Amino acid sequence: MKKILFFAGFVVCATSCISNKRITYLQNLPDNTPIELDEFIPFAEVDYEYILQPFDIVEIDFATSDPELIEAFTFQNTQSAGGMGGGGGGGSDPLYFRGYSIDQKGDVEVPKLGKINIAGLSEEEAKEKVQAEINKFFKEEIYVKLRIAGIRYTTLGEFNAVGVSVIYKNRATIFDALANSGETTLLGKKNKLFIIRQYDGGTKIHQINLNDRALLASPFYFIQPNDILYIEPMNIRQFGNADNLTASLALFAGLLASTLLIINLVTSN
């Protein structure tokens with residue numbers, strides 16, 4: 001009977017424990033060349049430039065030495081719209097209100113300039129196209145600024161906060177996205193995070209390993225606009241989520257111990 005009790009206790013303990021190797025970020029994995037502390041890690045060379053797509057939101061601003069020249073090309077109250085709260089995924093998005101939405105046909109509609117097709121172009125190419133359109137109206141040089149309204153991405157699966165989030169930076173790492181989304185849950189498979197990324201004309205699914213220190217030199221270290229991040233749950237998920245797993249296992253252990261104790265009392269008489 002003691003052997004049975006010992007075995008039952010061992011099974012419960014083994015089930016309730018999750019190895020640190022499965023939850024620790026940026027480890028030197030056995031099959032990789034070790035990356036030591038303070039070692040310089042160059043960014044991966046990525047032959048990838050984000051291409052504007054329908055339903056993206058872009059910010060378009062004009063500047064000149066005479067502000068009155070460009071009043072007709074801007075929406076009223078756009079500056080006041082910029083004062084709204086923003087950040088993360090929970091606040092208001094100011095660029096949603098003052099930005100220009102690319103419609104299903106790939107056009108943005110700018111006051112006086114009309115519809116300009118910019119889908120399928122990079123930010124720089126789109127800027128040059130808008131610049132060419134406004135240059136038709138003035139001999140004086142008008143400066144055009146065009147950029148994507150933040151890096152939008154979606155988290156699904158074992159994240160503490162799932163949904164659409166926005167990072168107001170020109171560049172963001174996968175760890176920026178994790179921190180902005182409340183980290184992964186305890187039961188997320190950090191070695192199996194899938195990035196569903198949109199490219200010009202299609203989509204690809206990439207898999208990365210958050211446990212691996214070599215990720216810092218990976219082409220997927222930086223996220224791109226409209227990325228979807230999905231992290232798989234561990235198999236232990238069937239016993240409960242990260243919040244109630246310990247309670248569930250404690251209840252199971254208590255019932256098992258009580259049952260074995262009753263059996264021991266009955267058989268010993």
# chains A, B, ... in the order shown; residues from 1 in each chain; ligands from 1

$ closest_atom_pairs --of "segment 124-148 of chain A" --to "segment 110-113 of chain A" --cutoff "10 Å" --atoms "only C-alpha atoms" --output "JSON lines"
{"residue": "A:Val130", "atom": "CA", "partner": "A:Leu113", "partner_atom": "CA", "distance": 8.6}
{"residue": "A:Glu133", "atom": "CA", "partner": "A:Leu113", "partner_atom": "CA", "distance": 6.8}
{"residue": "A:Ile134", "atom": "CA", "partner": "A:Leu113", "partner_atom": "CA", "distance": 6.9}
{"residue": "A:Lys136", "atom": "CA", "partner": "A:Leu113", "partner_atom": "CA", "distance": 9.5}
{"residue": "A:Phe137", "atom": "CA", "partner": "A:Leu113", "partner_atom": "CA", "distance": 9.1}

$ residues_around --residues "Arg152 of chain A" --least-positions-apart "5" --cutoff "9 Å" --atoms "only C-alpha atoms" --output "list in words"
Gly89, Val164, Ser165, Val166, Ile167, Tyr168, Gln224, Pro225, Asn226 and Asp227 of chain A

$ write_last_selection --atoms "N, CA and C atoms" --output "mmCIF file, in the first residue's frame"
data_model
loop_
_atom_site.group_PDB
_atom_site.id
_atom_site.type_symbol
_atom_site.label_atom_id
_atom_site.label_comp_id
_atom_site.auth_asym_id
_atom_site.auth_seq_id
_atom_site.Cartn_x
_atom_site.Cartn_y
_atom_site.Cartn_z
ATOM 1 N N GLY A 89 -3.782 48.141 -26.638
ATOM 2 C CA GLY A 89 -4.929 47.766 -27.420
ATOM 3 C C GLY A 89 -6.203 48.172 -26.744
ATOM 4 N N VAL A 164 -6.890 42.388 -30.815
ATOM 5 C CA VAL A 164 -6.092 43.265 -31.670
ATOM 6 C C VAL A 164 -5.430 44.334 -30.809
ATOM 7 N N SER A 165 -4.123 44.535 -30.995
ATOM 8 C CA SER A 165 -3.366 45.544 -30.260
ATOM 9 C C SER A 165 -2.607 46.424 -31.237
ATOM 10 N N VAL A 166 -2.221 47.596 -30.763
ATOM 11 C CA VAL A 166 -1.459 48.537 -31.576
ATOM 12 C C VAL A 166 -0.231 48.983 -30.792
ATOM 13 N N ILE A 167 0.914 48.978 -31.444
ATOM 14 C CA ILE A 167 2.136 49.521 -30.856
ATOM 15 C C ILE A 167 2.525 50.747 -31.679
ATOM 16 N N TYR A 168 2.600 51.888 -31.022
ATOM 17 C CA TYR A 168 2.902 53.132 -31.721
ATOM 18 C C TYR A 168 4.409 53.331 -31.831
ATOM 19 N N GLN A 224 5.600 42.505 -37.906
ATOM 20 C CA GLN A 224 5.186 43.369 -39.004
ATOM 21 C C GLN A 224 3.717 43.744 -38.817
ATOM 22 N N PRO A 225 3.273 44.839 -39.418
ATOM 23 C CA PRO A 225 1.854 45.198 -39.320
ATOM 24 C C PRO A 225 0.959 44.061 -39.798
ATOM 25 N N ASN A 226 -0.124 43.858 -39.081
ATOM 26 C CA ASN A 226 -1.152 42.854 -39.389
ATOM 27 C C ASN A 226 -0.704 41.416 -39.115
ATOM 28 N N ASP A 227 0.405 41.225 -38.394
ATOM 29 C CA ASP A 227 0.778 39.876 -37.978
ATOM 30 C C ASP A 227 -0.278 39.295 -37.039
#

$ select_by_dssp --residues "segment 57-237 of chain A" --states "helix (DSSP H, G or I)" --output "PyMOL selection string"
chain A and resi 67-73+78-81+94-98+123-135+174-180+213-217+235-237

$ write_last_selection --atoms "N, CA and C atoms" --output "tab-separated table (two decimals), in the first residue's frame"
chain	number	residue	atom	x	y	z
A	67	PRO	N	1.16	77.82	-44.33
A	67	PRO	CA	0.13	76.85	-43.91
A	67	PRO	C	-1.21	77.03	-44.61
A	68	GLU	N	-1.52	78.24	-45.06
A	68	GLU	CA	-2.81	78.46	-45.70
A	68	GLU	C	-2.93	77.70	-47.02
A	69	LEU	N	-1.80	77.41	-47.63
A	69	LEU	CA	-1.84	76.72	-48.91
A	69	LEU	C	-2.39	75.30	-48.79
A	70	ILE	N	-2.18	74.68	-47.64
A	70	ILE	CA	-2.55	73.26	-47.50
A	70	ILE	C	-3.81	73.04	-46.67
A	71	GLU	N	-4.47	74.14	-46.26
A	71	GLU	CA	-5.67	73.98	-45.45
A	71	GLU	C	-6.74	73.18	-46.17
A	72	ALA	N	-6.88	73.40	-47.47
A	72	ALA	CA	-7.93	72.71	-48.23
A	72	ALA	C	-7.65	71.22	-48.41
A	73	PHE	N	-6.41	70.79	-48.09
A	73	PHE	CA	-6.04	69.39	-48.31
A	73	PHE	C	-6.07	68.56	-47.02
A	78	THR	N	-8.43	67.67	-37.40
A	78	THR	CA	-7.57	66.49	-37.33
A	78	THR	C	-6.54	66.65	-36.22
A	79	GLN	N	-6.12	67.88	-35.97
A	79	GLN	CA	-5.14	68.07	-34.91
A	79	GLN	C	-5.74	67.79	-33.55
A	80	SER	N	-6.99	68.19	-33.33
A	80	SER	CA	-7.63	67.92	-32.05
A	80	SER	C	-7.88	66.45	-31.85
A	81	ALA	N	-8.08	65.71	-32.96
A	81	ALA	CA	-8.29	64.26	-32.84
A	81	ALA	C	-7.07	63.57	-32.31
A	94	PRO	N	-6.04	57.28	-31.85
A	94	PRO	CA	-6.21	58.59	-32.49
A	94	PRO	C	-6.05	58.55	-34.00
A	95	LEU	N	-5.18	57.68	-34.50
A	95	LEU	CA	-4.94	57.64	-35.93
A	95	LEU	C	-6.10	56.99	-36.68
A	96	TYR	N	-6.95	56.27	-35.96
A	96	TYR	CA	-8.15	55.74	-36.61
A	96	TYR	C	-9.06	56.89	-37.02
A	97	PHE	N	-9.07	57.96	-36.22
A	97	PHE	CA	-9.96	59.08	-36.49
A	97	PHE	C	-9.35	60.09	-37.45
A	98	ARG	N	-8.04	60.30	-37.39
A	98	ARG	CA	-7.44	61.31	-38.25
A	98	ARG	C	-6.71	60.70	-39.43
A	123	GLU	N	5.47	52.19	-48.23
A	123	GLU	CA	5.20	53.52	-47.68
A	123	GLU	C	5.88	54.60	-48.53
A	124	GLU	N	7.13	54.36	-48.89
A	124	GLU	CA	7.89	55.36	-49.65
A	124	GLU	C	7.28	55.58	-51.03
A	125	GLU	N	6.87	54.49	-51.68
A	125	GLU	CA	6.25	54.60	-53.01
A	125	GLU	C	4.92	55.33	-52.93
A	126	ALA	N	4.14	55.04	-51.86
A	126	ALA	CA	2.86	55.71	-51.69
A	126	ALA	C	3.06	57.20	-51.42
A	127	LYS	N	4.07	57.51	-50.62
A	127	LYS	CA	4.38	58.92	-50.35
A	127	LYS	C	4.72	59.66	-51.65
A	128	GLU	N	5.53	59.04	-52.49
A	128	GLU	CA	5.92	59.67	-53.75
A	128	GLU	C	4.71	59.88	-54.67
A	129	LYS	N	3.75	58.94	-54.61
A	129	LYS	CA	2.57	59.07	-55.47
A	129	LYS	C	1.68	60.23	-54.99
A	130	VAL	N	1.50	60.35	-53.66
A	130	VAL	CA	0.73	61.47	-53.14
A	130	VAL	C	1.46	62.77	-53.41
A	131	GLN	N	2.78	62.75	-53.29
A	131	GLN	CA	3.59	63.95	-53.57
A	131	GLN	C	3.38	64.41	-55.01
A	132	ALA	N	3.36	63.48	-55.93
A	132	ALA	CA	3.17	63.82	-57.34
A	132	ALA	C	1.79	64.45	-57.57
A	133	GLU	N	0.79	63.95	-56.85
A	133	GLU	CA	-0.57	64.48	-57.02
A	133	GLU	C	-0.69	65.92	-56.50
A	134	ILE	N	-0.12	66.19	-55.34
A	134	ILE	CA	-0.24	67.54	-54.78
A	134	ILE	C	0.66	68.53	-55.51
A	135	ASN	N	1.73	68.04	-56.12
A	135	ASN	CA	2.61	68.92	-56.89
A	135	ASN	C	1.91	69.51	-58.12
A	174	ILE	N	9.20	40.93	-31.20
A	174	ILE	CA	8.22	39.96	-30.74
A	174	ILE	C	8.01	40.10	-29.23
A	175	PHE	N	9.04	40.53	-28.51
A	175	PHE	CA	8.91	40.70	-27.06
A	175	PHE	C	8.14	41.97	-26.71
A	176	ASP	N	8.21	42.98	-27.56
A	176	ASP	CA	7.34	44.14	-27.39
A	176	ASP	C	5.88	43.71	-27.49
A	177	ALA	N	5.60	42.86	-28.47
A	177	ALA	CA	4.23	42.38	-28.66
A	177	ALA	C	3.78	41.53	-27.48
A	178	LEU	N	4.67	40.67	-26.96
A	178	LEU	CA	4.33	39.83	-25.81
A	178	LEU	C	4.03	40.68	-24.58
A	179	ALA	N	4.89	41.66	-24.32
A	179	ALA	CA	4.69	42.52	-23.15
A	179	ALA	C	3.41	43.33	-23.29
A	180	ASN	N	3.14	43.80	-24.50
A	180	ASN	CA	1.96	44.62	-24.73
A	180	ASN	C	0.67	43.80	-24.62
A	213	ARG	N	17.58	31.33	-27.71
A	213	ARG	CA	18.29	32.61	-27.74
A	213	ARG	C	18.64	33.03	-29.16
A	214	ALA	N	18.72	32.07	-30.05
A	214	ALA	CA	19.02	32.39	-31.45
A	214	ALA	C	17.91	33.19	-32.11
A	215	LEU	N	16.76	33.29	-31.46
A	215	LEU	CA	15.65	34.08	-31.99
A	215	LEU	C	16.06	35.54	-32.20
A	216	LEU	N	17.02	36.02	-31.40
A	216	LEU	CA	17.45	37.42	-31.50
A	216	LEU	C	18.07	37.73	-32.86
A	217	ALA	N	18.57	36.71	-33.54
A	217	ALA	CA	19.16	36.90	-34.87
A	217	ALA	C	18.23	36.40	-35.97
A	235	ASN	N	-0.28	20.12	-23.50
A	235	ASN	CA	-1.24	19.03	-23.36
A	235	ASN	C	-1.90	19.02	-21.99
A	236	ILE	N	-1.20	19.57	-20.99
A	236	ILE	CA	-1.73	19.59	-19.63
A	236	ILE	C	-2.95	20.48	-19.52
A	237	ARG	N	-3.24	21.24	-20.58
A	237	ARG	CA	-4.39	22.15	-20.61
A	237	ARG	C	-5.69	21.43	-20.31

$ select_by_dssp --residues "segment 118-203 of chain A" --states "strand (DSSP E or B)" --output "PyMOL selection string"
chain A and resi 143-148+151-157+159+163-167+173+184+188-199+202-203

$ atom_distance --atom1 "atom CA of Ile57 of chain A" --atom2 "atom CA of Arg171 of chain A"
16.6 Å

$ atom_distance --atom1 "atom CA of Arg197 of chain A" --atom2 "atom CA of Pro42 of chain A"
22.9 Å

$ closest_residue --among "A:Leu260, A:Ile231, A:Ile148, A:Leu29" --to "Asp56 of chain A" --atoms "only C-alpha atoms"
A:Ile148

$ atom_distance --atom1 "atom CA of Ala44 of chain A" --atom2 "atom CA of Asn170 of chain A"
17.3 Å

$ closest_residue --among "A:Leu186, A:Ala161, A:Phe43, A:Lys139" --to "Thr173 of chain A" --atoms "only C-alpha atoms"
A:Phe43

$ residues_around --residues "Lys192 of chain A" --least-positions-apart "6" --cutoff "7 Å" --atoms "only C-alpha atoms" --output "PyMOL selection string"
chain A and resi 207-209+231-232

$ write_last_selection --atoms "N, CA and C atoms" --output "PDB file, in the first residue's frame"
ATOM      1  N   GLN A 207       6.914  29.595 -37.821  1.00  0.00           N
ATOM      2  CA  GLN A 207       6.957  29.126 -36.440  1.00  0.00           C
ATOM      3  C   GLN A 207       8.266  29.559 -35.799  1.00  0.00           C
ATOM      4  N   ILE A 208       8.179  30.107 -34.583  1.00  0.00           N
ATOM      5  CA  ILE A 208       9.387  30.511 -33.861  1.00  0.00           C
ATOM      6  C   ILE A 208       9.389  29.880 -32.474  1.00  0.00           C
ATOM      7  N   ASN A 209      10.571  29.860 -31.876  1.00  0.00           N
ATOM      8  CA  ASN A 209      10.771  29.262 -30.559  1.00  0.00           C
ATOM      9  C   ASN A 209      11.233  30.347 -29.591  1.00  0.00           C
ATOM     10  N   ILE A 231      -0.250  31.059 -30.109  1.00  0.00           N
ATOM     11  CA  ILE A 231       0.593  30.160 -29.329  1.00  0.00           C
ATOM     12  C   ILE A 231      -0.235  28.973 -28.854  1.00  0.00           C
ATOM     13  N   GLU A 232       0.305  27.780 -29.067  1.00  0.00           N
ATOM     14  CA  GLU A 232      -0.415  26.548 -28.733  1.00  0.00           C
ATOM     15  C   GLU A 232      -0.436  26.314 -27.221  1.00  0.00           C
TER      16      GLU A 232
END

$ residues_around --residues "Gln104 of chain A" --least-positions-apart "2" --cutoff "12 Å" --atoms "only C-alpha atoms" --output "NGL selection string"
:A and (52-56 or 101-102 or 106-108 or 117-120)

$ write_last_selection --atoms "N, CA and C atoms" --output "compact mmCIF listing (two decimals), in the first residue's frame"
# COMPACT_ATOMS: atom_id res chain seq x y z
N LEU A 52 1.46 48.14 -48.50
CA LEU A 52 0.15 48.62 -48.06
C LEU A 52 -0.96 47.77 -48.67
N GLN A 53 -1.98 47.52 -47.86
CA GLN A 53 -3.08 46.65 -48.26
C GLN A 53 -4.41 47.32 -48.00
N PRO A 54 -5.47 46.87 -48.68
CA PRO A 54 -6.80 47.39 -48.38
C PRO A 54 -7.12 47.25 -46.89
N PHE A 55 -7.79 48.25 -46.35
CA PHE A 55 -8.22 48.32 -44.94
C PHE A 55 -7.10 48.75 -44.00
N ASP A 56 -5.88 48.97 -44.51
CA ASP A 56 -4.86 49.61 -43.69
C ASP A 56 -5.26 51.06 -43.43
N SER A 101 -8.16 55.72 -44.38
CA SER A 101 -8.37 54.28 -44.53
C SER A 101 -8.30 53.90 -46.01
N ILE A 102 -7.54 52.87 -46.30
CA ILE A 102 -7.46 52.36 -47.67
C ILE A 102 -8.68 51.48 -47.91
N GLY A 106 -8.27 49.69 -52.77
CA GLY A 106 -6.89 50.13 -52.59
C GLY A 106 -6.70 51.63 -52.67
N ASP A 107 -7.81 52.39 -52.59
CA ASP A 107 -7.73 53.85 -52.71
C ASP A 107 -7.83 54.53 -51.35
N VAL A 108 -7.15 55.67 -51.23
CA VAL A 108 -7.41 56.61 -50.14
C VAL A 108 -7.98 57.87 -50.78
N ASN A 117 -4.79 55.58 -55.57
CA ASN A 117 -4.59 54.16 -55.33
C ASN A 117 -3.18 53.91 -54.81
N ILE A 118 -3.09 53.45 -53.56
CA ILE A 118 -1.77 53.22 -52.96
C ILE A 118 -1.59 51.79 -52.46
N ALA A 119 -2.64 50.96 -52.52
CA ALA A 119 -2.47 49.56 -52.12
C ALA A 119 -1.50 48.88 -53.08
N GLY A 120 -0.67 48.00 -52.55
CA GLY A 120 0.33 47.33 -53.37
C GLY A 120 1.64 48.10 -53.44

$ decode --residues "segment 146-166 of chain A" --atoms "N, CA and C atoms" --output "compact mmCIF listing (two decimals), in the first residue's frame"
# COMPACT_ATOMS: atom_id res chain seq x y z
N LEU A 146 3.91 60.32 -45.12
CA LEU A 146 2.93 59.23 -45.15
C LEU A 146 3.52 58.04 -44.39
N ARG A 147 2.75 57.52 -43.46
CA ARG A 147 3.21 56.36 -42.72
C ARG A 147 2.02 55.55 -42.22
N ILE A 148 2.28 54.29 -41.90
CA ILE A 148 1.24 53.43 -41.35
C ILE A 148 0.91 53.90 -39.94
N ALA A 149 -0.35 53.82 -39.59
CA ALA A 149 -0.81 54.29 -38.28
C ALA A 149 -0.52 53.23 -37.21
N GLY A 150 0.75 53.07 -36.85
CA GLY A 150 1.13 52.11 -35.82
C GLY A 150 1.23 50.70 -36.35
N ILE A 151 1.77 49.81 -35.53
CA ILE A 151 1.89 48.39 -35.88
C ILE A 151 0.75 47.64 -35.22
N ARG A 152 -0.21 47.22 -36.01
CA ARG A 152 -1.35 46.47 -35.50
C ARG A 152 -1.06 44.98 -35.62
N TYR A 153 -1.39 44.23 -34.58
CA TYR A 153 -1.20 42.78 -34.61
C TYR A 153 -2.30 42.14 -33.77
N THR A 154 -2.49 40.85 -33.96
CA THR A 154 -3.54 40.10 -33.26
C THR A 154 -2.92 38.96 -32.49
N THR A 155 -3.36 38.75 -31.25
CA THR A 155 -2.90 37.61 -30.45
C THR A 155 -4.05 36.64 -30.23
N LEU A 156 -3.75 35.36 -30.38
CA LEU A 156 -4.73 34.29 -30.19
C LEU A 156 -4.07 33.16 -29.41
N GLY A 157 -4.89 32.34 -28.76
CA GLY A 157 -4.35 31.18 -28.05
C GLY A 157 -3.98 31.52 -26.63
N GLU A 158 -2.82 31.00 -26.17
CA GLU A 158 -2.43 31.10 -24.77
C GLU A 158 -1.71 32.41 -24.44
N PHE A 159 -2.40 33.52 -24.70
CA PHE A 159 -1.95 34.83 -24.25
C PHE A 159 -2.86 35.29 -23.12
N ASN A 160 -2.31 36.08 -22.20
CA ASN A 160 -3.14 36.60 -21.12
C ASN A 160 -4.13 37.64 -21.63
N ALA A 161 -3.84 38.26 -22.75
CA ALA A 161 -4.76 39.20 -23.37
C ALA A 161 -4.80 38.92 -24.87
N VAL A 162 -5.94 38.43 -25.34
CA VAL A 162 -6.07 38.14 -26.77
C VAL A 162 -6.88 39.25 -27.43
N GLY A 163 -6.64 39.43 -28.72
CA GLY A 163 -7.34 40.47 -29.45
C GLY A 163 -6.39 41.27 -30.30
N VAL A 164 -6.89 42.39 -30.81
CA VAL A 164 -6.09 43.26 -31.67
C VAL A 164 -5.43 44.33 -30.81
N SER A 165 -4.12 44.54 -30.99
CA SER A 165 -3.37 45.54 -30.26
C SER A 165 -2.61 46.42 -31.24
N VAL A 166 -2.22 47.60 -30.76
CA VAL A 166 -1.46 48.54 -31.58
C VAL A 166 -0.23 48.98 -30.79
